[in-house]
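Listing of start_38.cif, mmCIF, C-alpha atoms
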data_data
#
loop_
_atom_site.label_atom_id
_atom_site.label_comp_id
_atom_site.auth_asym_id
_atom_site.auth_seq_id
_atom_site.Cartn_x
_atom_site.Cartn_y
_atom_site.Cartn_z
CA MET E 3 -16.14 -3.06 -29.66
CA SER E 4 -16.75 -1.23 -26.40
CA ALA E 5 -13.63 0.74 -25.39
CA HIS E 6 -14.21 0.12 -21.72
CA VAL E 7 -14.56 -3.63 -22.13
CA THR E 8 -11.48 -3.66 -24.37
CA GLU E 9 -9.51 -2.21 -21.47
CA LEU E 10 -10.85 -4.89 -19.17
CA LEU E 11 -9.77 -7.71 -21.50
CA ALA E 12 -6.09 -7.33 -20.65
CA LEU E 13 -6.82 -7.36 -16.93
CA ALA E 14 -9.19 -10.31 -17.38
CA ALA E 15 -6.37 -12.35 -18.92
CA ALA E 16 -4.17 -11.31 -16.00
CA GLY E 17 -6.85 -12.49 -13.55
CA ALA E 18 -7.03 -9.00 -12.07
CA LEU E 19 -10.74 -8.25 -12.34
CA GLU E 20 -13.37 -8.11 -9.65
CA THR E 21 -16.21 -10.60 -9.92
CA SER E 22 -18.69 -8.04 -11.25
CA GLU E 23 -16.23 -6.91 -13.94
CA SER E 24 -15.50 -10.52 -14.94
CA GLU E 25 -19.22 -11.18 -15.32
CA ARG E 26 -19.61 -8.07 -17.46
CA VAL E 27 -16.72 -9.12 -19.69
CA ALA E 28 -18.07 -12.67 -20.04
CA ALA E 29 -21.51 -11.34 -21.01
CA HIS E 30 -19.97 -9.00 -23.58
CA LEU E 31 -17.71 -11.67 -25.10
CA ALA E 32 -20.72 -13.90 -25.71
CA LEU E 33 -22.12 -11.19 -27.98
CA CYS E 34 -19.03 -9.59 -29.55
CA ALA E 35 -16.79 -11.65 -31.82
CA ALA E 36 -14.17 -8.89 -32.14
CA CYS E 37 -13.71 -8.65 -28.38
CA ALA E 38 -13.68 -12.46 -28.12
CA ALA E 39 -10.81 -12.54 -30.62
CA ARG E 40 -8.98 -9.83 -28.67
CA ALA E 41 -9.55 -11.75 -25.44
CA GLU E 42 -7.94 -14.77 -27.08
CA GLU E 43 -4.88 -12.66 -27.95
CA TRP E 44 -4.60 -11.54 -24.37
CA ARG E 45 -4.83 -15.14 -23.19
CA HIS E 46 -1.80 -15.94 -25.37
CA VAL E 47 0.13 -13.01 -23.88
CA ALA E 48 -0.80 -14.08 -20.34
CA ASP E 49 0.06 -17.72 -21.06
CA GLY E 50 3.45 -16.60 -22.39
CA MET E 51 4.03 -14.65 -19.17
CA ARG E 52 3.04 -17.62 -17.03
CA ARG E 53 5.38 -19.92 -18.94
CA LEU E 54 8.48 -17.75 -18.54
CA PRO E 55 11.60 -19.73 -17.57
CA GLN E 56 11.80 -20.21 -13.80
CA THR E 57 15.24 -18.71 -13.19
CA ARG E 58 16.93 -19.67 -9.94
CA PRO E 59 19.97 -18.17 -8.22
CA GLN E 60 23.21 -20.08 -8.73
CA PRO E 61 24.14 -22.30 -5.72
CA VAL E 62 27.47 -20.47 -5.51
CA LEU E 63 25.63 -17.14 -5.13
CA VAL E 64 23.42 -18.59 -2.40
CA ALA E 65 26.47 -20.00 -0.57
CA ARG E 66 28.36 -16.70 -0.90
CA THR E 67 25.36 -14.77 0.38
CA ARG E 68 24.94 -17.10 3.36
CA GLU E 69 28.62 -16.72 4.25
CA ALA E 70 28.41 -12.92 4.00
CA VAL E 71 25.33 -12.80 6.24
CA GLU E 72 26.87 -15.19 8.77
CA ALA E 73 30.00 -13.01 8.91
CA LEU E 74 27.83 -9.93 9.41
CA VAL E 75 25.82 -11.58 12.21
CA ALA E 76 29.03 -12.75 13.93
CA GLU E 77 30.50 -9.25 13.65
CA ARG E 78 27.32 -7.75 15.06
CA ALA E 79 27.40 -10.17 18.01
CA GLU E 80 31.03 -9.27 18.69
CA ARG E 81 30.22 -5.55 18.53
CA ALA E 82 27.35 -6.06 20.98
CA PHE E 83 29.66 -7.95 23.37
CA ASN E 84 32.31 -5.23 23.08
CA ARG E 85 29.73 -2.54 23.81
CA ALA E 86 28.49 -4.42 26.88
CA ALA E 87 32.07 -5.00 28.09
CA LEU E 88 32.91 -1.31 27.59
CA ALA E 89 29.80 -0.22 29.50
CA PHE E 90 30.76 -2.54 32.37
CA VAL E 91 34.34 -1.26 32.48
CA VAL E 92 33.24 2.39 32.39
CA GLY E 93 30.72 1.73 35.19
CA LEU E 94 33.37 -0.03 37.25
CA ALA E 95 35.86 2.79 36.68
CA TRP E 96 33.40 5.43 37.90
CA THR E 97 32.46 3.30 40.92
CA LEU E 98 36.12 2.88 41.84
CA ALA E 99 36.77 6.58 41.29
CA ILE E 100 33.96 7.60 43.66
CA PHE E 101 34.73 4.88 46.19
CA GLY E 102 38.42 5.76 45.92
CA TRP E 103 37.87 9.23 47.36
CA PHE E 104 36.52 7.81 50.64
CA VAL E 105 39.35 5.29 50.82
CA PHE E 106 41.94 8.00 50.20
CA ASP E 107 40.40 10.29 52.77
CA LEU E 108 40.35 7.49 55.34
CA VAL E 109 43.86 6.17 54.59
CA ALA E 110 45.40 9.67 54.52
CA GLY E 111 43.85 10.48 57.92
CA GLU E 112 44.94 7.15 59.44
CA LEU E 113 48.43 7.44 58.03
CA ALA E 114 48.83 10.97 59.30
CA LEU E 115 47.71 9.82 62.76
CA ARG E 116 50.10 6.87 62.84
CA LEU E 117 53.03 8.88 61.55
CA ALA E 118 52.00 11.70 63.87
CA ARG E 119 52.70 14.23 61.11
CA PRO E 120 50.82 15.54 58.06
CA ILE E 121 51.40 13.62 54.80
CA GLY E 122 49.94 16.28 52.52
CA SER E 123 46.46 16.88 51.20
CA ALA E 124 44.27 13.78 50.60
CA ALA E 125 42.80 15.65 47.63
CA ALA E 126 46.24 15.98 46.02
CA TRP E 127 46.92 12.25 46.50
CA TYR E 128 43.51 11.48 45.09
CA ALA E 129 44.10 13.70 42.06
CA ALA E 130 47.43 11.94 41.44
CA TYR E 131 45.64 8.56 41.72
CA LEU E 132 43.00 9.65 39.18
CA LEU E 133 45.61 11.06 36.83
CA ALA E 134 47.59 7.82 36.92
CA GLY E 135 44.40 5.87 36.30
CA TRP E 136 43.40 7.99 33.29
CA LEU E 137 46.93 7.82 31.83
CA ALA E 138 46.92 4.02 32.14
CA ALA E 139 43.44 3.82 30.54
CA GLY E 140 44.54 6.15 27.72
CA ALA E 141 47.65 4.06 27.02
CA ALA E 142 45.54 0.86 27.01
CA ALA E 143 43.05 2.45 24.58
CA VAL E 144 45.84 3.47 22.19
CA MET E 145 47.37 -0.01 22.32
CA LEU E 146 44.02 -1.70 21.72
CA GLY E 147 43.25 0.69 18.86
CA ARG E 148 46.59 -0.09 17.17
CA ARG E 149 46.00 -3.81 17.56
CA ALA E 150 42.50 -3.53 16.06
CA GLN E 151 43.93 -1.53 13.14
CA GLU E 152 46.60 -4.17 12.49
CA GLU E 153 44.01 -6.95 12.65
CA GLY E 154 41.82 -4.99 10.25
CA ARG E 155 44.66 -4.74 7.78
CA LEU E 156 45.30 -8.46 7.95
CA VAL E 157 41.68 -9.44 7.26
CA MET T 246 4.29 -18.36 7.19
CA ASP T 247 4.77 -19.61 10.76
CA ALA T 248 8.06 -21.09 9.72
CA ASP T 249 9.03 -17.65 8.41
CA ARG T 250 8.17 -16.06 11.76
CA GLU T 251 10.15 -18.65 13.69
CA ASP T 252 13.15 -18.27 11.41
CA ALA T 253 12.95 -14.47 11.55
CA ALA T 254 12.85 -14.66 15.38
CA ARG T 255 15.91 -16.92 15.32
CA LEU T 256 17.79 -14.56 13.04
CA CYS T 257 16.80 -11.69 15.31
CA GLN T 258 18.56 -13.49 18.16
CA GLY T 259 21.69 -13.92 16.04
CA ASP T 260 21.02 -17.57 15.13
CA THR T 261 21.89 -17.92 11.44
CA SER T 262 20.00 -21.21 11.10
CA GLY T 263 16.96 -18.91 10.80
CA LEU T 264 18.53 -17.36 7.72
CA ALA T 265 18.93 -20.75 6.06
CA GLY T 266 15.20 -21.42 6.31
CA LEU T 267 14.21 -17.98 5.08
CA MET T 268 16.58 -18.20 2.15
CA ARG T 269 15.44 -21.69 1.20
CA ARG T 270 11.81 -20.57 1.00
CA HIS T 271 12.27 -17.16 -0.61
CA GLN T 272 15.50 -17.13 -2.62
CA ASP T 273 14.03 -18.28 -5.95
CA ARG T 274 11.18 -15.78 -5.99
CA LEU T 275 13.45 -12.98 -4.80
CA PHE T 276 16.05 -13.66 -7.46
CA ARG T 277 13.46 -13.89 -10.23
CA TYR T 278 11.90 -10.62 -9.08
CA LEU T 279 15.28 -8.83 -9.03
CA LEU T 280 16.25 -10.26 -12.39
CA ARG T 281 13.04 -8.94 -13.95
CA LEU T 282 13.27 -5.56 -12.28
CA LEU T 283 16.96 -4.97 -12.98
CA GLY T 284 17.23 -6.84 -16.29
CA ASP T 285 20.84 -7.88 -15.69
CA THR T 286 22.03 -11.10 -14.04
CA SER T 287 25.20 -9.79 -12.41
CA VAL T 288 23.44 -6.68 -11.04
CA ALA T 289 20.57 -8.87 -9.80
CA GLU T 290 23.11 -11.12 -8.04
CA ASP T 291 24.69 -8.12 -6.29
CA VAL T 292 21.34 -6.78 -5.13
CA PHE T 293 20.26 -10.31 -4.09
CA GLN T 294 23.25 -10.47 -1.72
CA GLN T 295 22.72 -6.91 -0.49
CA THR T 296 19.08 -7.70 0.19
CA TRP T 297 19.89 -10.58 2.51
CA LEU T 298 22.56 -8.49 4.26
CA HIS T 299 19.95 -5.77 4.80
CA VAL T 300 17.49 -8.36 6.07
CA ALA T 301 20.05 -9.59 8.63
CA GLU T 302 20.83 -6.02 9.69
CA ARG T 303 17.22 -4.87 9.94
CA ILE T 304 15.42 -8.02 11.00
CA ARG T 305 14.42 -6.29 14.26
CA ARG T 306 12.31 -3.88 12.20
CA TYR T 307 10.32 -6.74 10.69
CA ASP T 308 6.77 -6.86 12.05
CA ALA T 309 6.19 -10.56 12.69
CA SER T 310 2.41 -10.09 12.54
CA ARG T 311 2.76 -9.59 8.77
CA PRO T 312 3.99 -12.08 6.18
CA PHE T 313 7.73 -12.09 5.57
CA GLY T 314 7.64 -12.34 1.75
CA PRO T 315 6.26 -8.84 1.00
CA TRP T 316 8.64 -7.28 3.55
CA LEU T 317 11.55 -9.01 1.83
CA VAL T 318 10.38 -7.78 -1.57
CA THR T 319 10.07 -4.24 -0.18
CA VAL T 320 13.67 -4.35 1.08
CA ALA T 321 14.85 -5.69 -2.30
CA ARG T 322 12.74 -3.18 -4.20
CA ASN T 323 14.15 -0.19 -2.30
CA LEU T 324 17.70 -1.34 -2.94
CA ALA T 325 17.03 -2.07 -6.62
CA LEU T 326 15.24 1.24 -7.26
CA ASP T 327 18.03 3.17 -5.50
CA LEU T 328 20.51 1.46 -7.77
CA LEU T 329 18.46 2.16 -10.90
CA ARG T 330 18.08 5.82 -9.89
CA ARG T 331 21.84 6.14 -9.46
CA GLN T 332 22.63 4.35 -12.72
CA ARG T 333 19.93 5.66 -15.01
CA PRO T 334 17.67 8.28 -13.43
CA SER T 335 15.43 8.34 -16.50
CA SER T 336 14.83 4.58 -16.42
CA LEU T 337 12.20 4.95 -13.70
CA ASP T 338 10.18 7.60 -15.48
CA GLU T 339 6.83 6.49 -16.72
CA VAL T 340 7.34 6.18 -20.46
CA ASP T 341 4.33 7.03 -22.56
CA GLU T 342 5.13 4.71 -25.39
CA PRO T 343 2.47 4.50 -28.06
CA LEU T 344 0.23 1.55 -27.32
CA ALA T 345 -0.74 -0.98 -29.91
CA SER T 346 -3.63 0.11 -32.04
CA ALA T 347 -6.77 -1.96 -32.25
CA SER T 348 -6.19 -2.48 -35.96
CA GLY T 349 -3.09 -4.53 -35.27
CA SER T 350 -4.97 -7.60 -34.16
CA ASP T 351 -4.34 -9.73 -37.22
CA PRO T 352 -0.54 -9.69 -37.23
CA LEU T 353 -0.65 -10.11 -33.47
CA GLN T 354 -2.87 -13.15 -33.74
CA GLN T 355 -0.57 -14.70 -36.32
CA ALA T 356 2.42 -13.89 -34.20
CA MET T 357 0.79 -15.25 -31.09
CA ALA T 358 0.12 -18.57 -32.80
CA ARG T 359 3.88 -19.16 -32.93
CA GLN T 360 4.68 -17.20 -29.84
CA SER T 361 6.87 -18.93 -27.33
CA ALA T 362 7.71 -17.94 -23.78
CA ALA T 363 11.16 -16.98 -25.03
CA ARG T 364 9.66 -14.32 -27.29
CA VAL T 365 7.53 -13.01 -24.47
CA GLU T 366 10.66 -12.90 -22.35
CA ALA T 367 12.49 -10.97 -25.08
CA ALA T 368 9.59 -8.51 -25.35
CA LEU T 369 9.55 -8.20 -21.59
CA GLY T 370 13.24 -7.30 -21.66
CA GLY T 371 12.38 -4.33 -23.87
CA LEU T 372 10.06 -2.81 -21.28
CA GLY T 373 10.99 -0.37 -18.53
CA PRO T 374 11.91 -1.69 -15.06
CA LEU T 375 8.60 -0.70 -13.47
CA ASP T 376 6.58 -2.46 -16.18
CA ARG T 377 8.71 -5.60 -15.85
CA GLU T 378 8.28 -5.43 -12.10
CA VAL T 379 4.49 -5.27 -12.07
CA LEU T 380 4.20 -8.06 -14.65
CA SER T 381 6.62 -10.26 -12.77
CA LEU T 382 4.82 -9.74 -9.48
CA ARG T 383 1.47 -10.62 -11.05
CA PHE T 384 2.42 -13.52 -13.30
CA GLU T 385 5.55 -15.03 -11.77
CA ASP T 386 4.95 -14.34 -8.08
CA GLU T 387 1.20 -14.67 -8.64
CA LEU T 388 0.38 -11.81 -6.29
CA GLU T 389 -3.29 -10.85 -6.11
CA LEU T 390 -4.06 -7.17 -6.76
CA PRO T 391 -4.24 -6.11 -3.08
CA GLN T 392 -0.86 -7.75 -2.37
CA LEU T 393 0.53 -6.26 -5.56
CA ALA T 394 -0.61 -2.78 -4.53
CA ALA T 395 0.87 -3.25 -1.03
CA THR T 396 4.19 -4.40 -2.47
CA LEU T 397 4.36 -1.46 -4.86
CA GLY T 398 3.25 0.91 -2.10
CA VAL T 399 0.40 2.35 -4.20
CA PRO T 400 -3.41 2.35 -3.94
CA LEU T 401 -5.22 -0.57 -5.55
CA PRO T 402 -6.59 1.39 -8.56
CA THR T 403 -3.07 2.66 -9.30
CA ALA T 404 -1.72 -0.88 -9.19
CA LYS T 405 -4.46 -1.98 -11.56
CA ALA T 406 -3.74 0.88 -13.95
CA ARG T 407 -0.03 0.14 -13.81
CA LEU T 408 -0.67 -3.53 -14.61
CA TYR T 409 -2.90 -2.58 -17.51
CA ARG T 410 -0.33 -0.15 -18.96
CA ALA T 411 2.44 -2.73 -18.60
CA LEU T 412 0.32 -5.34 -20.40
CA GLU T 413 -0.45 -2.92 -23.22
CA ARG T 414 3.22 -2.05 -23.60
CA LEU T 415 4.12 -5.76 -23.61
CA ARG T 416 1.56 -6.31 -26.32
CA ALA T 417 3.00 -3.37 -28.29
CA LYS T 418 6.49 -4.89 -28.00
CA LEU T 419 5.17 -8.26 -29.15
CA LEU T 420 3.48 -6.58 -32.09
CA THR T 421 6.67 -4.73 -32.99
CA GLY T 422 8.59 -8.00 -32.72
CA ALA T 423 6.03 -9.78 -34.88
CA ALA T 424 6.13 -7.01 -37.49
CA THR T 425 9.96 -7.07 -37.52
CA GLY T 426 9.91 -10.87 -37.80
CA SER T 427 7.50 -10.89 -40.72
CA ALA T 428 9.44 -8.09 -42.49
CA ARG T 429 12.55 -10.30 -42.56
#
Kindly present the structure from the file in structure tokens form.
Amino acid sequence: MSAHVTELLALAAAGALETSESERVAAHLALCAACAARAEEWRHVADGMRRLPQTRPQPVLVARTREAVEALVAERAERAFNRAALAFVVGLAWTLAIFGWFVFDLVAGELALRLARPIGSAAAWYAAYLLAGWLAAGAAAVMLGRRAQEEGRLV
Amino acid sequence: MDADREDAARLCQGDTSGLAGLMRRHQDRLFRYLLRLLGDTSVAEDVFQQTWLHVAERIRRYDASRPFGPWLVTVARNLALDLLRRQRPSSLDEVDEPLASASGSDPLQQAMARQSAARVEAALGGLGPLDREVLSLRFEDELELPQLAATLGVPLPTAKARLYRALERLRAKLLTGAATGSAR
């Protein structure tokens, strides 16, 4: 019994040989009874493997998995929307902040002219406006955070 | 395969009807593969669910020019092997079990005559996870050697050698089972 062909017998039963190797094995088996018997054993092993029970996932597992994935996809979509909304709000806030300076400068100058007396520095009024804006945004962020936490606890 | 691409594209856009199609076509093979690799139904069920969650999370990384099935198996394989490494680090070592000797052909032949798939399954359960994996991919998923090598992430000769070793170990287990059976 050739050692090399013996090694090939297992792979032959598994259908994992190249054509040239298969031909070599077939030629050898025609001449060697011992290897032919061994090849028959391997065919039994391979047949046993091919006839293994075809296990399937339980329908309840499939349904549970689908639900979990759908929840994940929905959560991801919501996160994407929230990110887009946040980017829009931040962009708007910066636009208003920059635009606000020109408005303040203009209004402060006009007001001072109409009242015919100085009303204080436009920069100081602008700083107060920004501070009020940031405080309001901070309070809104804290409130939203608390609400999200409470919702998280309820889920 | 086109249906897989269409469903993957749908899932990528957040449409979960794509998931239904992908699951319908691949769930049986995936579950069987995980069951063989992990050797435990409840663990296989957990990893099955995790696999689909990972697929939904990472579907944008899927290259639609390639078939979906092997990508799915790769995702499942990484999760399963991570789990096995955490649970039993030694379970993934290549075990050099003594292979069946050539002289054992007679008892094997007798045993094989009354061998049923259930006995092969029992012998398979006694193998290491990597042996079970390669045998399952070849015989149950019917992957050709090049696909098998790609799924395992190894060169083709390595895949072939791994398949051969797994077959020899399966044969050794069957022989041991046959010897135990005839001793009773």
Using all atoms listed in the file, what table do you get, as a tab-separated table, when you list each residue of chain T with an atom no more than 7 Å from chain E, its nearest pair of atoms, and their distance in Å rounded to one decimal, rows by chain then rising number?
residue	atom	partner	partner_atom	distance
T:Gly259	CA	E:Val75	CA	6.1
T:Thr261	CA	E:Glu72	CA	6.3
T:Asp273	CA	E:Arg58	CA	5.1
T:Phe276	CA	E:Pro59	CA	6.0
T:Arg277	CA	E:Thr57	CA	5.9
T:Gln294	CA	E:Thr67	CA	5.2
T:Trp297	CA	E:Val71	CA	7.0
T:Leu298	CA	E:Val71	CA	5.5
T:Ala301	CA	E:Val71	CA	6.6
T:Gln354	CA	E:Glu43	CA	6.1
T:Met357	CA	E:His46	CA	6.3
T:Ser361	CA	E:Gly50	CA	6.4
T:Ala362	CA	E:Gly50	CA	4.7
T:Val365	CA	E:Gly50	CA	5.8
T:Glu366	CA	E:Leu54	CA	6.5
T:Phe384	CA	E:Arg52	CA	5.6
T:Glu385	CA	E:Arg52	CA	6.4
T:Leu390	CA	E:Ala18	CA	6.4
T:Tyr409	CA	E:Leu13	CA	6.2
T:Leu412	CA	E:Ala12	CA	6.7
With C-alpha atoms retained, export the selected residues as a PDB file, in the coordinates of the input.
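And here's again07.pdb as it stands now:
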ATOM      1  CA  GLY T 259      21.690 -13.920  16.040  1.00  0.00           C
ATOM      2  CA  THR T 261      21.890 -17.920  11.440  1.00  0.00           C
ATOM      3  CA  ASP T 273      14.030 -18.280  -5.950  1.00  0.00           C
ATOM      4  CA  PHE T 276      16.050 -13.660  -7.460  1.00  0.00           C
ATOM      5  CA  ARG T 277      13.460 -13.890 -10.230  1.00  0.00           C
ATOM      6  CA  GLN T 294      23.250 -10.470  -1.720  1.00  0.00           C
ATOM      7  CA  TRP T 297      19.890 -10.580   2.510  1.00  0.00           C
ATOM      8  CA  LEU T 298      22.560  -8.490   4.260  1.00  0.00           C
ATOM      9  CA  ALA T 301      20.050  -9.590   8.630  1.00  0.00           C
ATOM     10  CA  GLN T 354      -2.870 -13.150 -33.740  1.00  0.00           C
ATOM     11  CA  MET T 357       0.790 -15.250 -31.090  1.00  0.00           C
ATOM     12  CA  SER T 361       6.870 -18.930 -27.330  1.00  0.00           C
ATOM     13  CA  ALA T 362       7.710 -17.940 -23.780  1.00  0.00           C
ATOM     14  CA  VAL T 365       7.530 -13.010 -24.470  1.00  0.00           C
ATOM     15  CA  GLU T 366      10.660 -12.900 -22.350  1.00  0.00           C
ATOM     16  CA  PHE T 384       2.420 -13.520 -13.300  1.00  0.00           C
ATOM     17  CA  GLU T 385       5.550 -15.030 -11.770  1.00  0.00           C
ATOM     18  CA  LEU T 390      -4.060  -7.170  -6.760  1.00  0.00           C
ATOM     19  CA  TYR T 409      -2.900  -2.580 -17.510  1.00  0.00           C
ATOM     20  CA  LEU T 412       0.320  -5.340 -20.400  1.00  0.00           C
TER      21      LEU T 412
END
- Task: Rank T:Pro312, T:Pro391, T:Pro402, T:Gly284 by their smallest atom-to-atom distance to Ala367 in chain T, using only C-alpha atoms, and report the top residue only.
- Result: T:Gly284
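We find CA of Met268 in chain T and CA of Leu328 in chain T to be spaced 22.4 Å apart.
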- Of T:Gly398, T:Gly314, T:Gly370, T:Gly422, the one sitting nearest Leu282 in chain T when using only C-alpha atoms is T:Gly370
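Nearest residue to Arg377 in chain T among T:Val300, T:Arg281, T:Val318, T:Glu389 is T:Arg281, counting all atoms listed in the file.
Take CA of Phe90 in chain E and CA of Val144 in chain E: the distance between them is 19.2 Å.
Take CA of Thr403 in chain T and CA of Ser22 in chain E: the distance between them is 19.0 Å.
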